[in-house]
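Undergrad: Dumping the structure here so I can ask a few things about it.
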Amino acid sequence: MTEAAALLRARLARALADRERVAAFDHRVWSIRDKRLAAAARHPHWEALRRAAQAIKAHALDHLDSYLEQFAARAEAAGAVVHFAATGAAANRIVLELCRAERASLVAKSKSMTTEECGLNEFLEAGGLEVVDTDLGERIVQLFREAPSHIVAPAIHRSRGEIAALFARCFGPGQEVRADSIGALVEAARRAMRPQFLAAEVGITGANFAVAETGGIVVVENEGNSLLTTSVPSLHIAVVGIEKIVPRLADLGVFLALLARSATGQRITSYTTHYAGPQRREDAERGIRERRLHIVLLDNGRSRVLGERHHRRALACIRCGACLNVCPVYRRSLGHAYGWVYPGPIGSVLAPAMRGAAGSALAQASTLCGACTEACPVGIDLHEQLIARRTESRAARTPLAVRLAAALARRPRLARFLLKRLRRRPALNRRLFRAWLAPAAGVPTRLIPALPRESFAEWWQRRTRRNGR
Amino acid sequence: MGEASQESEQRPAGGPSWRPRLVTLFVPCYVDQLRPEAGIAALELLEAHGFEVDVRLGAICCGQPFANAGYAEASRATSEHWLQAMSGAECVAVLASSCAVHLQRESRARPPRGADRGAPEPPVLELMAFLARFAGAAPAGRWPRTVCLHSSCHGLRESDADRSARALLARVQDLRVVRAERADECCGFGGGFSVEFPELSVRMGHDRLREIVLTGADEVVATDVSCLLHLEGIARAEGVRLEFRHVSELLRDALREAESPRASAAQPLERAPAGAARR
Ligand code: SF4
């Protein structure tokens, strides 16, 4: 076991130790899975939709360079300014400079895993700006000073009671926050966040899709916070991963249907906003006559994934979170145990390319049950990719123990002879199985199988002898 | 279910009327060593359905553990050896869906063998899929108990094993088959995973076990002995008294029970005390 894998095991074990929290987390995440299944079952052409999405994405990724050029040209023709950022750090610098040029001090940001990936909040704050996350879940984890635990539901690891206590603490004295109703919590957040929406000088969003044909970007959301984030300030910056490209506007008919159902079980999200160039509305009250849109196209390891024969398909991901919701490991991890922004199966597939060697241990933490592959709306063969990641992470030289085992697997007589001897040595067996016993505070929680006197092969040999064959 | 399930047989040999006479039974290494009863039951079940059964001791491991751990070379060499040991067989029935899936995958990945390169590779079927196909209409006996069929992931998502087992069990008289809540949730074994992440592996198994116990079943059957050994290890540690057997053990006993009803089967079976050596 590598050091990184041992660390991962420790983090996962630590999460598990909080049994009740894990059970509640598992329950909440599982319920999204149920919603997805119900929504998918109600769609008359679900499988056809999945196949179409897969084909469109495969085509888009095969021609990503030309579609990106087309997107950039059309976006600029529509009045946006397009930047290319090779790394998260480069994207951060571009955003900070734009904010500085705007003389901004307060930035409103709607939900975006891409900016989480870059660590944009921390970077802007270090640059002297105040950043307010406007998505409720994002705002909650921001106030807790922690990372999102789920790519769609960032605060799903927190209970309603914890959130009420947080709001009471952060939104100041005199704010009575009742934990017994979600409506009251939302209302408290709304009251606290409204002034910040209105004061923000820059609005930052991600994008769910970038349409090459129109040069427009599309943001889906349920809270309307993205709309507010982009409506008030005169500067809108969108940070968009290069894999978000779809060729045509019509393709959205496929992807919007898949995304809403897969992510939350909705038929359509409450708001779907198309930004084709900057908004043209004036805001006389605030003296805004001209609005600007800057689009930062982010690579940050994506072109590396594109060049990996086995993993290119993983770039088709629409970040719906379905593979997290079905993953029995993710549901017991509290999200954070993976140790980076994209948890769950898709994160473990992307990590080695986007995060380097430290990310390759993640692929170990899977039983390869295949629930992720079954769920993925865009047909990514996630569990096969996890196996491929394991293969890639192996050192060129196979360890001695594995070579020995493989040699024995090809010498069945010797193997059976040795195994027969081994079965007669209970103490040695216990030693060999030690890792299996999972001592939790010294108490074994899984016993090793009782060893039979006779193996199947020995029984078979005895039987054939007896039958005189 | 089955959204992404793949074709489960790589070569449906011999057309629709083909029925092998001689079946080669493959009992994977860990079943051979840890749960021989499952292998014996599989063999007796095949014989009871009129097949002649052969076992080739020259094959011990299919190579899957190496492949899943990321040792592609070791896997290839092991699978290669396995296929050689089985060459010329009319048909191989595999007593584990995970091994069957792996062998079918390996077989697909290899260039087809011509006559000049020795005998063609035999069709490889998981045991339940084999029985459902060739003995699916035969009488299936009687077993007056309640059983929970635990779905293994390979049996459920990557092959026909689970569906076949379900169909075969449905034909057994007086048998009540129940499913646990979250029936498609992994038990947490996962081979090397159970050693590298034991806390997680046990927790997953514990959660699965709890749902199984809630069904009130007298016994648990599955198409993969690996899930069973893992779940049984947790049940024993927690003092849960449940019997864990491969589906073929139940099917064999059901046939025998129909032939000559034994009092033992009419009521819940006597169980060995937890932790006692088997047989
Ligand atoms: S990999 Fe598939 S299931 Fe997972 S988040 Fe991406 S699109 Fe959704």
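Lettering and numbering for the structure tokens are positional, with chains as A, B, ... in the shown order, residues counted from 1 in each chain, and ligands counted from 1 in the shown order.
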Using only C-alpha atoms and all ligand atoms, find each protein or nucleic acid residue lying at most 8 Å from ligand 1; present the set as an NGL selection string.
TA: :A and (151 or 259 or 262-263 or 314 or 316-324 or 344-346 or 372-373 or 375-380 or 382)
Undergrad: Any idea what's packed within 12 Å of A:His63, counting only C-alpha atoms, ignoring anything in its chain fewer than 5 positions away? Could you give it as JSON, numbers by chain?
TA: {"A": [56, 57, 58, 68, 69, 70, 212, 242, 243, 245, 246, 247, 306]}
Undergrad: Can you tell me, as JSON, numbers by chain, what residues are no more than 10 Å from A:Leu227 when counting only C-alpha atoms, ignoring any on the same chain fewer than 2 positions away?
TA: {"A": [110, 203, 205, 219, 220, 221, 223, 224, 225, 229, 230, 231, 232, 271, 272, 273]}
Undergrad: Suppose we keep N, CA, C and O atoms; can you now write the selection as a compact mmCIF listing (two decimals), in the first residue's frame?
TA:
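out.txt, written as the output of this step:
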```
# COMPACT_ATOMS: atom_id res chain seq x y z
N SER A 110 -21.52 32.71 -8.05
CA SER A 110 -22.53 31.65 -7.98
C SER A 110 -21.83 30.30 -8.05
O SER A 110 -20.62 30.21 -8.22
N GLY A 203 -19.61 39.94 -10.79
CA GLY A 203 -20.32 38.67 -10.63
C GLY A 203 -19.55 37.56 -11.34
O GLY A 203 -19.22 37.70 -12.52
N THR A 205 -19.45 33.48 -12.40
CA THR A 205 -20.21 32.24 -12.52
C THR A 205 -19.33 31.18 -13.18
O THR A 205 -18.25 31.49 -13.69
N VAL A 219 -26.08 28.54 -18.05
CA VAL A 219 -25.99 28.25 -16.62
C VAL A 219 -27.34 27.74 -16.14
O VAL A 219 -28.37 28.39 -16.37
N VAL A 220 -27.36 26.58 -15.50
CA VAL A 220 -28.61 26.08 -14.92
C VAL A 220 -28.54 26.18 -13.41
O VAL A 220 -27.48 26.00 -12.81
N GLU A 221 -29.66 26.49 -12.80
CA GLU A 221 -29.68 26.66 -11.34
C GLU A 221 -31.12 26.63 -10.87
O GLU A 221 -32.06 26.70 -11.66
N GLU A 223 -31.91 28.39 -7.68
CA GLU A 223 -32.18 29.43 -6.67
C GLU A 223 -32.31 30.83 -7.27
O GLU A 223 -32.71 31.76 -6.58
N GLY A 224 -31.92 31.00 -8.50
CA GLY A 224 -31.96 32.33 -9.09
C GLY A 224 -30.78 33.18 -8.68
O GLY A 224 -30.67 34.34 -9.07
N ASN A 225 -29.88 32.60 -7.92
CA ASN A 225 -28.74 33.38 -7.44
C ASN A 225 -27.76 33.71 -8.55
O ASN A 225 -27.13 34.77 -8.55
N THR A 229 -26.50 37.28 -9.51
CA THR A 229 -25.06 37.49 -9.51
C THR A 229 -24.62 38.20 -10.79
O THR A 229 -23.69 39.00 -10.79
N THR A 230 -25.30 37.89 -11.89
CA THR A 230 -24.88 38.48 -13.16
C THR A 230 -25.71 39.70 -13.55
O THR A 230 -25.36 40.40 -14.49
N SER A 231 -26.79 39.95 -12.84
CA SER A 231 -27.67 41.04 -13.26
C SER A 231 -27.26 42.38 -12.67
O SER A 231 -27.43 43.42 -13.30
N VAL A 232 -26.74 42.36 -11.46
CA VAL A 232 -26.47 43.63 -10.80
C VAL A 232 -25.13 44.25 -11.22
O VAL A 232 -25.08 45.38 -11.68
N TYR A 271 -34.17 27.63 -13.35
CA TYR A 271 -33.68 28.68 -14.26
C TYR A 271 -32.63 28.09 -15.19
O TYR A 271 -31.72 27.39 -14.75
N THR A 272 -32.78 28.35 -16.46
CA THR A 272 -31.76 28.02 -17.44
C THR A 272 -31.44 29.31 -18.17
O THR A 272 -32.30 29.85 -18.88
N THR A 273 -30.25 29.83 -17.96
CA THR A 273 -29.93 31.14 -18.52
C THR A 273 -28.89 31.02 -19.62
O THR A 273 -27.85 30.39 -19.43
```
Undergrad: Hey, what's within 10 Å of B:Arg56 if we count only C-alpha atoms and toss same-chain stuff fewer than 6 positions away? As a PyMOL selection string, please?
TA: (chain A and resi 457+460) or (chain B and resi 24-27+82+85-86+89)
Undergrad: Could I get the residues of chain A with an atom no further than 8 Å from an atom of chain B, each paired with its nearest atom pair and that distance in Å to one decimal, using only C-alpha atoms, sorted by chain and residue number, as a tab-separated table?
TA:
```
residue	atom	partner	partner_atom	distance
A:Met1	CA	B:Glu196	CA	7.2
A:Arg9	CA	B:Phe197	CA	5.9
A:Leu12	CA	B:Leu200	CA	7.3
A:Ala13	CA	B:Glu199	CA	6.0
A:Leu16	CA	B:Leu200	CA	7.3
A:Glu47	CA	B:Glu3	CA	7.8
A:Pro328	CA	B:Cys186	CA	7.0
A:Val329	CA	B:Leu200	CA	7.4
A:Arg332	CA	B:Leu200	CA	7.8
A:Gln364	CA	B:Phe193	CA	7.1
A:Ala365	CA	B:Phe193	CA	6.7
A:Ser366	CA	B:Phe193	CA	6.6
A:Thr367	CA	B:Gly190	CA	4.0
A:Leu368	CA	B:Gly190	CA	6.7
A:Cys369	CA	B:Cys153	CA	5.2
A:Gly370	CA	B:Arg157	CA	7.0
A:Ala371	CA	B:Arg157	CA	7.9
A:Thr373	CA	B:Ala4	CA	6.8
A:Glu374	CA	B:Ala4	CA	4.9
A:Ala375	CA	B:Glu3	CA	7.4
A:Gly379	CA	B:Ala4	CA	8.0
A:Ile387	CA	B:Asn68	CA	5.8
A:Ala388	CA	B:Gly70	CA	7.0
A:Arg389	CA	B:Gly70	CA	7.7
A:Arg390	CA	B:Gly70	CA	4.6
A:Thr391	CA	B:Gly70	CA	3.7
A:Glu392	CA	B:Gly70	CA	7.4
A:Ser393	CA	B:Gly70	CA	7.8
A:Arg394	CA	B:Gly70	CA	6.7
A:Thr398	CA	B:Tyr71	CA	7.4
A:Val402	CA	B:Ala74	CA	7.8
A:Arg403	CA	B:Ala74	CA	7.1
A:Ala406	CA	B:Ala74	CA	5.7
A:Ala409	CA	B:Cys61	CA	5.7
A:Arg410	CA	B:His81	CA	6.1
A:Arg411	CA	B:Gly58	CA	7.8
A:Pro412	CA	B:Ile60	CA	5.7
A:Arg413	CA	B:Gly58	CA	7.4
A:Leu419	CA	B:Gln33	CA	7.5
A:Ala435	CA	B:Val195	CA	5.5
A:Trp436	CA	B:Val195	CA	5.1
A:Leu437	CA	B:Pro198	CA	7.2
A:Ala438	CA	B:Pro198	CA	4.9
A:Pro439	CA	B:Glu199	CA	7.9
A:Ala440	CA	B:Glu199	CA	7.4
A:Pro444	CA	B:Ala237	CA	7.1
A:Thr445	CA	B:Ala237	CA	5.5
A:Arg446	CA	B:Ile234	CA	4.3
A:Leu447	CA	B:Gly233	CA	4.4
A:Ile448	CA	B:Gly233	CA	5.8
A:Pro449	CA	B:Gly233	CA	6.3
A:Ala450	CA	B:Ala277	CA	5.3
A:Leu451	CA	B:Leu34	CA	5.9
A:Pro452	CA	B:Arg278	CA	5.8
A:Arg453	CA	B:Arg279	CA	7.5
A:Glu454	CA	B:Pro36	CA	7.5
A:Ser455	CA	B:Gln33	CA	5.0
A:Phe456	CA	B:Pro36	CA	4.4
A:Ala457	CA	B:Asp32	CA	6.4
A:Trp460	CA	B:Val55	CA	7.8
```
Undergrad: Using only C-alpha atoms, which residue out of A:Asp65, A:Trp340, A:Glu187, A:Val240 lies closest to A:Leu297?
TA: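 Closest to A:Leu297, using only C-alpha atoms: A:Val240.
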Undergrad: Could you pull out the residues in stretch 168-289 of chain A that DSSP calls strand (DSSP E) from the backbone, as a ChimeraX atom specification?
TA: /A:202-205,209-211,216-221,235-241,245-246,271-275
Undergrad: Just how far from atom CA of B:Arg179 is atom CA of B:Ser151, in Å to one decimal?
TA: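 About the pair atom CA of B:Ser151 and atom CA of B:Arg179: they are 8.9 Å apart.
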Undergrad: List every residue of stretch 42-192 of chain B that DSSP, applied to the backbone of this structure, places in helix (DSSP H, G or I), and write the result as a PyMOL selection string.
TA: chain B and resi 42-48+64-69+72-85+97-109+115-117+127-135+153-157+161-170+192
